[in-house]
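Undergrad: Quick one, work.txt (compact mmCIF, C-alpha atoms):
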```txt
# COMPACT_ATOMS: atom_id res chain seq x y z
CA MET A 412 -5.94 4.12 -40.55
CA ALA A 413 -3.11 6.44 -39.74
CA GLY A 414 -3.79 9.55 -37.68
CA GLU A 415 -7.18 8.48 -36.31
CA ALA A 416 -7.89 8.09 -32.61
CA GLN A 417 -7.68 4.52 -31.42
CA ASP A 418 -10.50 2.95 -29.50
CA ALA A 419 -8.33 0.24 -27.99
CA VAL A 420 -7.98 -0.01 -24.22
CA TRP A 421 -4.39 0.32 -23.00
CA PRO A 422 -2.85 -0.70 -19.68
CA LEU A 423 -2.29 2.15 -17.25
CA PRO A 424 1.25 3.37 -16.57
CA LYS A 425 2.21 3.02 -12.92
CA PHE A 426 4.56 5.98 -12.43
CA HIS A 427 1.97 8.76 -11.85
CA PHE A 428 0.32 8.42 -8.42
CA THR A 429 -0.46 10.30 -5.21
CA VAL A 430 -0.60 9.25 -1.56
CA SER A 431 -2.74 11.09 1.02
CA LEU A 432 -2.24 10.46 4.72
CA GLY A 433 -5.54 11.02 6.53
CA SER A 434 -5.55 13.71 9.19
CA GLN A 435 -2.04 14.86 8.35
CA ASP A 436 -3.97 16.74 5.64
CA SER A 437 -1.25 16.39 3.07
CA THR A 438 -0.37 14.60 -0.10
CA VAL A 439 3.09 13.13 0.24
CA SER A 440 5.34 12.44 -2.75
CA PHE A 441 6.57 8.87 -2.72
CA GLN A 442 8.83 7.23 -5.23
CA GLU A 443 7.49 3.72 -4.64
CA VAL A 444 4.44 1.98 -3.21
CA SER A 445 4.32 -1.81 -2.84
CA GLY A 446 2.27 -4.42 -1.01
CA LEU A 447 -1.18 -3.52 -2.28
CA ASP A 448 -2.30 -7.13 -2.05
CA THR A 449 -4.95 -9.17 -0.37
CA GLU A 450 -5.50 -12.91 -0.15
CA THR A 451 -7.98 -15.41 1.22
CA GLN A 452 -6.73 -18.45 3.05
CA PRO A 453 -8.41 -21.64 1.81
CA ILE A 454 -10.12 -24.00 4.23
CA GLU A 455 -10.01 -27.65 3.13
CA TYR A 456 -12.31 -30.34 4.36
CA ARG A 457 -13.31 -33.80 3.21
CA HIS A 458 -16.97 -34.32 2.43
CA GLY A 459 -18.04 -37.60 4.01
CA ASP A 460 -15.89 -40.31 5.53
CA SER A 461 -15.19 -42.46 2.50
CA PRO A 462 -11.83 -42.23 0.67
CA GLN A 463 -13.73 -41.83 -2.60
CA PHE A 464 -14.95 -38.37 -1.58
CA SER A 465 -12.82 -35.50 -2.68
CA THR A 466 -11.52 -32.55 -0.71
CA ILE A 467 -13.62 -29.43 -0.87
CA LYS A 468 -12.00 -26.00 -0.61
CA MET A 469 -13.86 -23.02 0.78
CA PRO A 470 -12.73 -19.42 1.29
CA GLY A 471 -11.52 -18.68 4.81
CA ILE A 472 -10.16 -15.58 6.48
CA ALA A 473 -9.16 -12.75 4.15
CA LYS A 474 -5.93 -10.95 5.00
CA SER A 475 -3.92 -8.08 3.61
CA GLY A 476 -0.18 -7.65 3.81
CA ASN A 477 1.64 -4.55 4.98
CA VAL A 478 2.06 -1.70 2.50
CA THR A 479 5.56 -0.30 2.00
CA LEU A 480 6.14 3.31 0.95
CA LYS A 481 9.49 4.83 -0.06
CA LYS A 482 10.25 8.53 -0.33
CA GLY A 483 13.10 10.97 -0.38
CA ILE A 484 14.18 12.57 2.88
CA PHE A 485 13.70 16.33 3.15
CA VAL A 486 15.07 18.83 5.68
CA ASN A 487 12.89 19.14 8.82
CA ASP A 488 10.43 16.47 7.63
CA ASN A 489 9.94 14.23 10.68
CA ASN A 490 6.22 13.48 10.28
CA PHE A 491 6.69 9.72 9.94
CA TRP A 492 8.90 9.55 13.03
CA LYS A 493 6.32 11.54 15.04
CA TRP A 494 3.58 9.18 13.87
CA TYR A 495 5.74 6.18 14.81
CA ASP A 496 6.59 7.67 18.23
CA ALA A 497 2.88 7.69 19.09
CA ILE A 498 2.98 3.87 19.07
CA LYS A 499 5.59 3.82 21.84
CA MET A 500 3.20 5.63 24.13
CA ASN A 501 0.50 3.03 23.45
CA THR A 502 -1.66 5.61 21.72
CA ILE A 503 -1.69 4.34 18.18
CA LYS A 504 -2.81 7.06 15.81
CA ARG A 505 -4.58 5.27 12.98
CA GLU A 506 -5.02 7.03 9.65
CA THR A 507 -6.92 6.47 6.43
CA VAL A 508 -4.33 6.31 3.65
CA THR A 509 -5.48 6.90 0.07
CA ILE A 510 -3.33 5.90 -2.91
CA GLN A 511 -4.50 7.05 -6.33
CA LEU A 512 -3.16 6.01 -9.73
CA LEU A 513 -3.48 9.00 -12.05
CA ASP A 514 -3.95 9.28 -15.81
CA GLU A 515 -2.16 11.72 -18.13
CA ALA A 516 -4.55 14.51 -17.09
CA ALA A 517 -3.75 13.87 -13.38
CA LYS A 518 -7.23 12.47 -12.75
CA PRO A 519 -7.59 9.36 -10.56
CA THR A 520 -8.20 6.14 -12.47
CA MET A 521 -7.89 3.72 -9.53
CA THR A 522 -8.00 4.36 -5.79
CA TRP A 523 -6.72 2.09 -3.01
CA THR A 524 -7.85 3.00 0.51
CA LEU A 525 -6.16 1.59 3.61
CA SER A 526 -8.39 1.66 6.68
CA ASN A 527 -6.93 2.30 10.15
CA ALA A 528 -3.33 2.29 8.94
CA TRP A 529 -0.40 2.76 11.34
CA PRO A 530 3.37 2.46 10.93
CA THR A 531 4.96 -0.82 11.97
CA LYS A 532 8.45 -0.04 10.74
CA ILE A 533 10.49 2.91 9.52
CA THR A 534 13.84 2.42 7.85
CA GLY A 535 16.14 5.39 7.50
CA THR A 536 18.50 5.76 4.59
CA ASP A 537 21.78 3.95 4.22
CA MET A 538 24.79 6.20 3.90
CA LYS A 539 27.80 5.75 1.63
CA SER A 540 30.60 8.23 1.23
CA ASP A 541 31.20 7.21 -2.38
CA ALA A 542 27.54 7.24 -3.53
CA ASN A 543 25.73 9.93 -5.47
CA GLU A 544 22.14 9.05 -4.59
CA VAL A 545 19.15 10.66 -2.94
CA ALA A 546 18.53 9.76 0.72
CA VAL A 547 15.43 7.53 0.85
CA GLU A 548 13.43 6.40 3.88
CA THR A 549 10.93 3.54 3.99
CA ILE A 550 7.77 3.28 6.04
CA GLU A 551 5.78 0.08 6.40
CA LEU A 552 2.10 0.36 7.25
CA ALA A 553 -0.20 -2.22 8.80
CA HIS A 554 -3.89 -1.71 8.12
CA GLU A 555 -7.27 -3.26 8.80
CA GLY A 556 -8.63 -3.36 5.29
CA LEU A 557 -7.88 -2.53 1.68
CA THR A 558 -10.60 -1.32 -0.67
CA ILE A 559 -10.19 -0.66 -4.36
CA ALA A 560 -12.35 1.66 -6.45
CA ASN A 561 -12.23 2.94 -10.01
CA GLY A 562 -11.78 6.66 -10.45
CA GLY A 563 -11.60 9.09 -7.53
```
Can you give me the file's structure in the form of structure tokens?
TA:
Amino acid sequence: MAGEAQDAVWPLPKFHFTVSLGSQDSTVSFQEVSGLDTETQPIEYRHGDSPQFSTIKMPGIAKSGNVTLKKGIFVNDNNFWKWYDAIKMNTIKRETVTIQLLDEAAKPTMTWTLSNAWPTKITGTDMKSDANEVAVETIELAHEGLTIANGG
């Protein structure tokens, strides 16, 4: 029926999100977030010593990959480099990083939380004299756990 509200559930768009970096007390605008994955390594063993027994697979150690964030470079914005410099002095400053996927009313629909995150790699922008693009830097974060929750 035309004009009536639909009750169907629709997939969420992925372009409206926020990223909060723990004690830096700020929400940083990123253009891309990737690597929000986790996996469990299987452990295989054979039950019994006869060839007729099949292999049994059990869940082993769970691991999460690094999360990569990309953002535009702004004047006098060196916060990532300062955070990375702390690693060189063997005083790793770990942060809780919160990534929220927002709906059309800017309310969180899904929240990913990285525990004890710290930068493992920062990549500055490439430069081309004939390009007309925004300068983008990339930061890669290692973390000790990824939790996912619905809403905020």
Undergrad: For Gly483 of chain A, work out the shell of residues within 10 Å, counting only C-alpha atoms and skipping chain neighbours fewer than 6 positions away, then give it as an mmCIF file with C-alpha atoms, in the coordinates of the input.
TA:
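selection-v1.cif, written as the output of this step:
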```cif
data_model
loop_
_atom_site.group_PDB
_atom_site.id
_atom_site.type_symbol
_atom_site.label_atom_id
_atom_site.label_comp_id
_atom_site.auth_asym_id
_atom_site.auth_seq_id
_atom_site.Cartn_x
_atom_site.Cartn_y
_atom_site.Cartn_z
ATOM 1 C CA SER A 440 5.340 12.440 -2.750
ATOM 2 C CA PHE A 441 6.570 8.870 -2.720
ATOM 3 C CA GLN A 442 8.830 7.230 -5.230
ATOM 4 C CA THR A 536 18.500 5.760 4.590
ATOM 5 C CA VAL A 545 19.150 10.660 -2.940
ATOM 6 C CA ALA A 546 18.530 9.760 0.720
ATOM 7 C CA VAL A 547 15.430 7.530 0.850
ATOM 8 C CA GLU A 548 13.430 6.400 3.880
ATOM 9 C CA THR A 549 10.930 3.540 3.990
#
```
Undergrad: Atom CA of Met469 of chain A and atom CA of Leu525 of chain A, how far apart in Å?
TA: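 Computing the Euclidean distance for atom CA of Leu525 of chain A and atom CA of Met469 of chain A yields 25.9 Å.
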Undergrad: Skip Tyr495 of chain A itself and residues of its chain fewer than 5 positions away, then list as a list in words all residues within 10 Å of it, counting all atoms listed in the file.
TA: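 Here the answer would be Asn489, Asn490, Met500, Ile503, Lys504, Trp529, Pro530, Thr531, Lys532, Ile533 and Ile550 of chain A.
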Undergrad: Using C-alpha atoms, can you write the selected residues to a file as a PDB file, in the frame of the given file?
TA:
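The resulting again_15.pdb:
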```
ATOM      1  CA  ASN A 489       9.940  14.230  10.680  1.00  0.00           C
ATOM      2  CA  ASN A 490       6.220  13.480  10.280  1.00  0.00           C
ATOM      3  CA  MET A 500       3.200   5.630  24.130  1.00  0.00           C
ATOM      4  CA  ILE A 503      -1.690   4.340  18.180  1.00  0.00           C
ATOM      5  CA  LYS A 504      -2.810   7.060  15.810  1.00  0.00           C
ATOM      6  CA  TRP A 529      -0.400   2.760  11.340  1.00  0.00           C
ATOM      7  CA  PRO A 530       3.370   2.460  10.930  1.00  0.00           C
ATOM      8  CA  THR A 531       4.960  -0.820  11.970  1.00  0.00           C
ATOM      9  CA  LYS A 532       8.450  -0.040  10.740  1.00  0.00           C
ATOM     10  CA  ILE A 533      10.490   2.910   9.520  1.00  0.00           C
ATOM     11  CA  ILE A 550       7.770   3.280   6.040  1.00  0.00           C
TER      12      ILE A 550
END
```
Undergrad: Using all atoms listed in the file for the distances, tell me which of A:Thr522, A:Thr534, A:Ser431, A:Asn561 is nearest to Trp492 of chain A.
TA: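 Closest to Trp492 of chain A, using all atoms listed in the file: A:Thr534.
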Undergrad: With a distance cut-off of 7 Å and all atoms listed in the file, select the neighbouring residues of segment 508-515 of chain A, excluding the residue or stretch itself and same-chain residues fewer than 5 positions from it, and output the selection as number ranges by chain.
TA: A: 425, 427-433, 520-526, 528
Undergrad: Tell me, in Å to one decimal, how far atom CA of Gly476 of chain A is from atom CA of Leu447 of chain A.
TA: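 Straight-line distance from atom CA of Gly476 of chain A to atom CA of Leu447 of chain A works out to 7.4 Å.
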Undergrad: To one decimal place in Å, what is the distance between atom CA of Gly535 of chain A and atom CA of Val439 of chain A?
TA: 16.8 Å
Undergrad: Counting all atoms listed in the file, which residues come within 10 Å of (-8.4, -30.6, -2.7), with the point read in the file's coordinates, and could you list them as a ChimeraX atom specification?
TA: /A:454-457,465-469
Undergrad: Would you mind listing what lies within 8 Å of Gln452 of chain A as a PyMOL selection string, with all atoms listed in the file counted and same-chain residues fewer than 4 positions away left out?
TA: chain A and resi 470-474
